[in-house]
Amino acid sequence: MKKRDVIIISVFLAVAIIGLIAVKLFAPVGNISYADIYVDSSLYKSVPLNNDAVITIDQGDGKINYVEVKDGSIFMADSSCADHLCVTQGKMNPQNYESRPMRNWIICLPNLVTVELRIE
Amino acid sequence: MNQKSKITTQKLTRLALLASASVVLGYIEGLICALMPLPPGIKLGLANTVVLYSIYTLGIACSIMLIILKVVLTGFMSGNLAAAFLYSMGGAVLSLIAMLLVKNLSRDQVSIVGVSVVGAVFHNVGQILVASLLLQTPGLMFYVFVLMISAVITGTLTGLAGKQVIRTLHIPEDNRHKKSKPSLPQEGSKQ
């Protein structure tokens, strides 16, 4: 390792930490009672978080996602995608979203399905 | 410079070996990552050691072909040639451009570890850019900062690994174009 390597590493770490602090500071605040589900970047459905439900999103070409609302939390219960990263993103609710790495998002990139907690 | 000279049979053979090594490393990495529930996008980047090796020993042209082969072959293996394909292509292309720029502009002031860290960070930047475009949600860009921390750590590790790989498998400049000397069995044993 050379001096410039250490500089590069420090700069990236500084940018990341400042960025994370800025994200926290400038994050919108408000009430959350709905989650918006987007498919291929258009709104598919808005679901209230106080009603337990399972929403099946069948895009007709083998892409299926199951979004579940349970006890005030919303999560991807299952998905037809290969990596299942959307399922491992876990439960999201108005109490825990600020400490989640993905904050108020659950994203299934292969199927282009997005769940967003609506902050209003 | 040597790097831009035409592609010899030896280079081509080595490129093929590296392409398969990177695909296999990517697959093994998938298996490792499946064991722990990491946030999306956080990866070890094992295949980056192969790209580093290629940048330092085969030059620009071969490195470009290597990443295209890697992304296309991985795409075929996973059966997903749509979203995930664009996403990994975005990461791989931006990462390679950044690494080549840093390596060639820094005039030996930055070692392979720094190049690797830059590559890892820009791999994530590229992926997030493509993901934001695909999902049309620019708000997703905040996630770059989360990935940047993991990229600095994994980039340092793969950089150190790449350093060792090049030290062990490097074939001196002179042998490379004139006589195709031994060294191929060594590469085979790496696999």
# chains A, B, ... in the order shown; residues from 1 in each chain; ligands from 1
>>> closest_atom_pairs(of="chain B", to="chain A", cutoff="7 Å", atoms="only C-alpha atoms", output="CSV")
residue,atom,partner,partner_atom,distance
B:Pro37,CA,A:Thr88,CA,6.0
B:Pro39,CA,A:Gln89,CA,6.5
B:Pro40,CA,A:Leu85,CA,5.8
B:Ala83,CA,A:Pro110,CA,5.3
B:Ala84,CA,A:Pro110,CA,5.6
B:Gln109,CA,A:Arg4,CA,6.3
B:Val110,CA,A:Arg4,CA,5.4
B:Ser111,CA,A:Met1,CA,6.1
B:Val113,CA,A:Met1,CA,6.4
B:Gly114,CA,A:Asp5,CA,4.4
B:Leu135,CA,A:Ser41,CA,5.2
B:Gln136,CA,A:Ser41,CA,6.0
B:Phe142,CA,A:Val23,CA,6.7
B:Tyr143,CA,A:Met102,CA,6.7
B:Phe145,CA,A:Ala16,CA,4.5
B:Val146,CA,A:Pro101,CA,6.9
B:Met148,CA,A:Ala16,CA,6.0
B:Ile149,CA,A:Leu13,CA,6.2
B:Val152,CA,A:Ile9,CA,6.4
>>> select_by_dssp(residues="chain A", states="strand (DSSP E)", output="JSON, numbers by chain")
{"A": [34, 35, 36, 37, 38, 39, 42, 43, 44, 45, 46, 47, 48, 53, 54, 55, 56, 57, 58, 64, 65, 66, 67, 68, 69, 70, 73, 74, 75, 76, 77, 78, 79, 105, 106, 107, 108, 113, 114, 115, 116, 117, 118]}
>>> atom_distance(atom1="atom CA of Ala53 of chain A", atom2="atom CA of Pro138 of chain B")
28.9 Å
>>> residues_around(residues="Glu29 of chain B", least_positions_apart="3", cutoff="10 Å", atoms="only C-alpha atoms", output="number ranges by chain")
B: 23-26, 32-34, 43-47
>>> write_last_selection(atoms="all heavy atoms", output="short mmCIF file (atom, residue, chain, number, x, y, z; two decimals), in the first residue's frame")
data_model
loop_
_atom_site.label_atom_id
_atom_site.label_comp_id
_atom_site.auth_asym_id
_atom_site.auth_seq_id
_atom_site.Cartn_x
_atom_site.Cartn_y
_atom_site.Cartn_z
N VAL B 23 -16.01 -16.20 -13.99
CA VAL B 23 -17.39 -16.70 -13.88
C VAL B 23 -17.51 -17.65 -12.69
O VAL B 23 -18.45 -17.57 -11.90
CB VAL B 23 -17.81 -17.40 -15.19
CG1 VAL B 23 -19.16 -18.08 -15.01
CG2 VAL B 23 -17.91 -16.39 -16.32
N VAL B 24 -16.52 -18.54 -12.55
CA VAL B 24 -16.56 -19.51 -11.44
C VAL B 24 -16.46 -18.78 -10.10
O VAL B 24 -17.20 -19.07 -9.16
CB VAL B 24 -15.42 -20.55 -11.59
CG1 VAL B 24 -15.32 -21.41 -10.35
CG2 VAL B 24 -15.66 -21.41 -12.81
N LEU B 25 -15.57 -17.79 -10.02
CA LEU B 25 -15.44 -17.03 -8.77
C LEU B 25 -16.74 -16.31 -8.43
O LEU B 25 -17.15 -16.26 -7.27
CB LEU B 25 -14.30 -16.02 -8.87
CG LEU B 25 -12.89 -16.59 -8.72
CD1 LEU B 25 -11.86 -15.51 -8.98
CD2 LEU B 25 -12.69 -17.18 -7.34
N GLY B 26 -17.38 -15.77 -9.47
CA GLY B 26 -18.65 -15.09 -9.25
C GLY B 26 -19.70 -16.06 -8.71
O GLY B 26 -20.49 -15.72 -7.82
N ILE B 32 -21.39 -18.21 -1.29
CA ILE B 32 -20.97 -17.71 0.03
C ILE B 32 -21.97 -16.67 0.54
O ILE B 32 -22.38 -16.71 1.70
CB ILE B 32 -19.56 -17.07 -0.07
CG1 ILE B 32 -18.52 -18.13 -0.45
CG2 ILE B 32 -19.16 -16.41 1.25
CD1 ILE B 32 -17.15 -17.59 -0.77
N CYS B 33 -22.36 -15.75 -0.36
CA CYS B 33 -23.26 -14.67 0.06
C CYS B 33 -24.63 -15.20 0.43
O CYS B 33 -25.33 -14.60 1.25
CB CYS B 33 -23.37 -13.61 -1.04
SG CYS B 33 -21.87 -12.66 -1.21
N ALA B 34 -25.03 -16.34 -0.16
CA ALA B 34 -26.35 -16.90 0.16
C ALA B 34 -26.39 -17.37 1.61
O ALA B 34 -27.47 -17.53 2.19
CB ALA B 34 -26.66 -18.04 -0.79
N LYS B 43 -21.20 -7.26 -1.89
CA LYS B 43 -20.57 -8.46 -2.43
C LYS B 43 -19.08 -8.45 -2.10
O LYS B 43 -18.50 -7.40 -1.88
CB LYS B 43 -20.71 -8.48 -3.96
CG LYS B 43 -22.06 -8.93 -4.43
CD LYS B 43 -22.04 -8.98 -5.94
CE LYS B 43 -23.44 -9.00 -6.50
NZ LYS B 43 -23.43 -8.55 -7.88
N LEU B 44 -18.49 -9.64 -2.13
CA LEU B 44 -17.05 -9.74 -1.90
C LEU B 44 -16.26 -9.20 -3.10
O LEU B 44 -15.19 -8.64 -2.95
CB LEU B 44 -16.67 -11.19 -1.68
CG LEU B 44 -16.70 -11.70 -0.25
CD1 LEU B 44 -16.51 -13.20 -0.23
CD2 LEU B 44 -15.58 -11.04 0.55
N GLY B 45 -16.79 -9.44 -4.29
CA GLY B 45 -16.08 -8.99 -5.49
C GLY B 45 -14.85 -9.83 -5.79
O GLY B 45 -13.83 -9.32 -6.22
N LEU B 46 -14.97 -11.15 -5.58
CA LEU B 46 -13.83 -12.04 -5.84
C LEU B 46 -13.36 -11.94 -7.29
O LEU B 46 -12.17 -11.98 -7.58
CB LEU B 46 -14.23 -13.49 -5.54
CG LEU B 46 -14.41 -13.88 -4.08
CD1 LEU B 46 -14.86 -15.32 -3.97
CD2 LEU B 46 -13.11 -13.68 -3.31
N ALA B 47 -14.33 -11.80 -8.19
CA ALA B 47 -13.98 -11.75 -9.62
C ALA B 47 -13.14 -10.52 -9.94
O ALA B 47 -12.47 -10.48 -10.97
CB ALA B 47 -15.23 -11.78 -10.47
#
>>> closest_residue(among="B:Val50, B:Leu160, B:Ile128, B:Ile28", to="Met141 of chain B", atoms="only C-alpha atoms")
B:Ile128
>>> atom_distance(atom1="atom CA of Phe26 of chain A", atom2="atom CA of Leu117 of chain A")
16.5 Å
>>> closest_residue(among="B:Val93, B:Leu133, B:Val102, B:Cys62", to="Arg14 of chain B", atoms="only C-alpha atoms")
B:Cys62
>>> atom_distance(atom1="atom CA of Val11 of chain A", atom2="atom CA of Leu25 of chain A")
20.8 Å
>>> closest_residue(among="B:Gly75, B:Gly119, B:Gly30, B:Gly126", to="Thr49 of chain B", atoms="only C-alpha atoms")
B:Gly119
>>> select_by_dssp(residues="segment 57-116 of chain A", states="alpha helix (DSSP H)", output="PDB file with N, CA, C and O atoms, in the first residue's frame")
ATOM      1  N   LEU A  85     -32.943 -11.452  -3.072  1.00  0.00           N
ATOM      2  CA  LEU A  85     -32.460 -10.372  -2.213  1.00  0.00           C
ATOM      3  C   LEU A  85     -33.622  -9.556  -1.657  1.00  0.00           C
ATOM      4  O   LEU A  85     -33.528  -8.987  -0.571  1.00  0.00           O
ATOM      5  N   CYS A  86     -34.726  -9.535  -2.405  1.00  0.00           N
ATOM      6  CA  CYS A  86     -35.892  -8.788  -1.925  1.00  0.00           C
ATOM      7  C   CYS A  86     -36.474  -9.443  -0.674  1.00  0.00           C
ATOM      8  O   CYS A  86     -36.942  -8.772   0.235  1.00  0.00           O
ATOM      9  N   VAL A  87     -36.434 -10.788  -0.638  1.00  0.00           N
ATOM     10  CA  VAL A  87     -36.967 -11.501   0.530  1.00  0.00           C
ATOM     11  C   VAL A  87     -36.052 -11.280   1.738  1.00  0.00           C
ATOM     12  O   VAL A  87     -36.526 -11.059   2.859  1.00  0.00           O
ATOM     13  N   THR A  88     -34.743 -11.286   1.503  1.00  0.00           N
ATOM     14  CA  THR A  88     -33.813 -11.116   2.628  1.00  0.00           C
ATOM     15  C   THR A  88     -33.787  -9.675   3.147  1.00  0.00           C
ATOM     16  O   THR A  88     -33.197  -9.430   4.191  1.00  0.00           O
TER      17      THR A  88
END
>>> closest_residue(among="A:Ile64, A:Val69, A:Val29, A:Ile37", to="Asp52 of chain A", atoms="only C-alpha atoms")
A:Val69
>>> residues_around(residues="Glu120 of chain A", least_positions_apart="4", cutoff="9 Å", atoms="only C-alpha atoms", output="list in words")
Pro28, Val29, Gly30, Asn31, Ile32 and Ser33 of chain A
>>> residues_around(residues="Leu49 of chain A", least_positions_apart="4", cutoff="8 Å", atoms="only C-alpha atoms", output="list in words")
Ser33, Tyr34, Ala35, Val69, Lys70, Asp71, Gly72, Ser73 and Ile74 of chain A
>>> write_last_selection(atoms="C-alpha atoms", output="PDB file, in the first residue's frame")
ATOM      1  CA  SER A  33     -49.817   4.641   6.999  1.00  0.00           C
ATOM      2  CA  TYR A  34     -49.521   3.394   3.438  1.00  0.00           C
ATOM      3  CA  ALA A  35     -46.998   1.531   1.346  1.00  0.00           C
ATOM      4  CA  VAL A  69     -48.646  -6.975   5.269  1.00  0.00           C
ATOM      5  CA  LYS A  70     -48.704  -8.364   8.767  1.00  0.00           C
ATOM      6  CA  ASP A  71     -48.927  -6.657  12.188  1.00  0.00           C
ATOM      7  CA  GLY A  72     -48.107  -3.259  10.712  1.00  0.00           C
ATOM      8  CA  SER A  73     -45.031  -4.489   8.821  1.00  0.00           C
ATOM      9  CA  ILE A  74     -44.680  -5.011   5.106  1.00  0.00           C
TER      10      ILE A  74
END
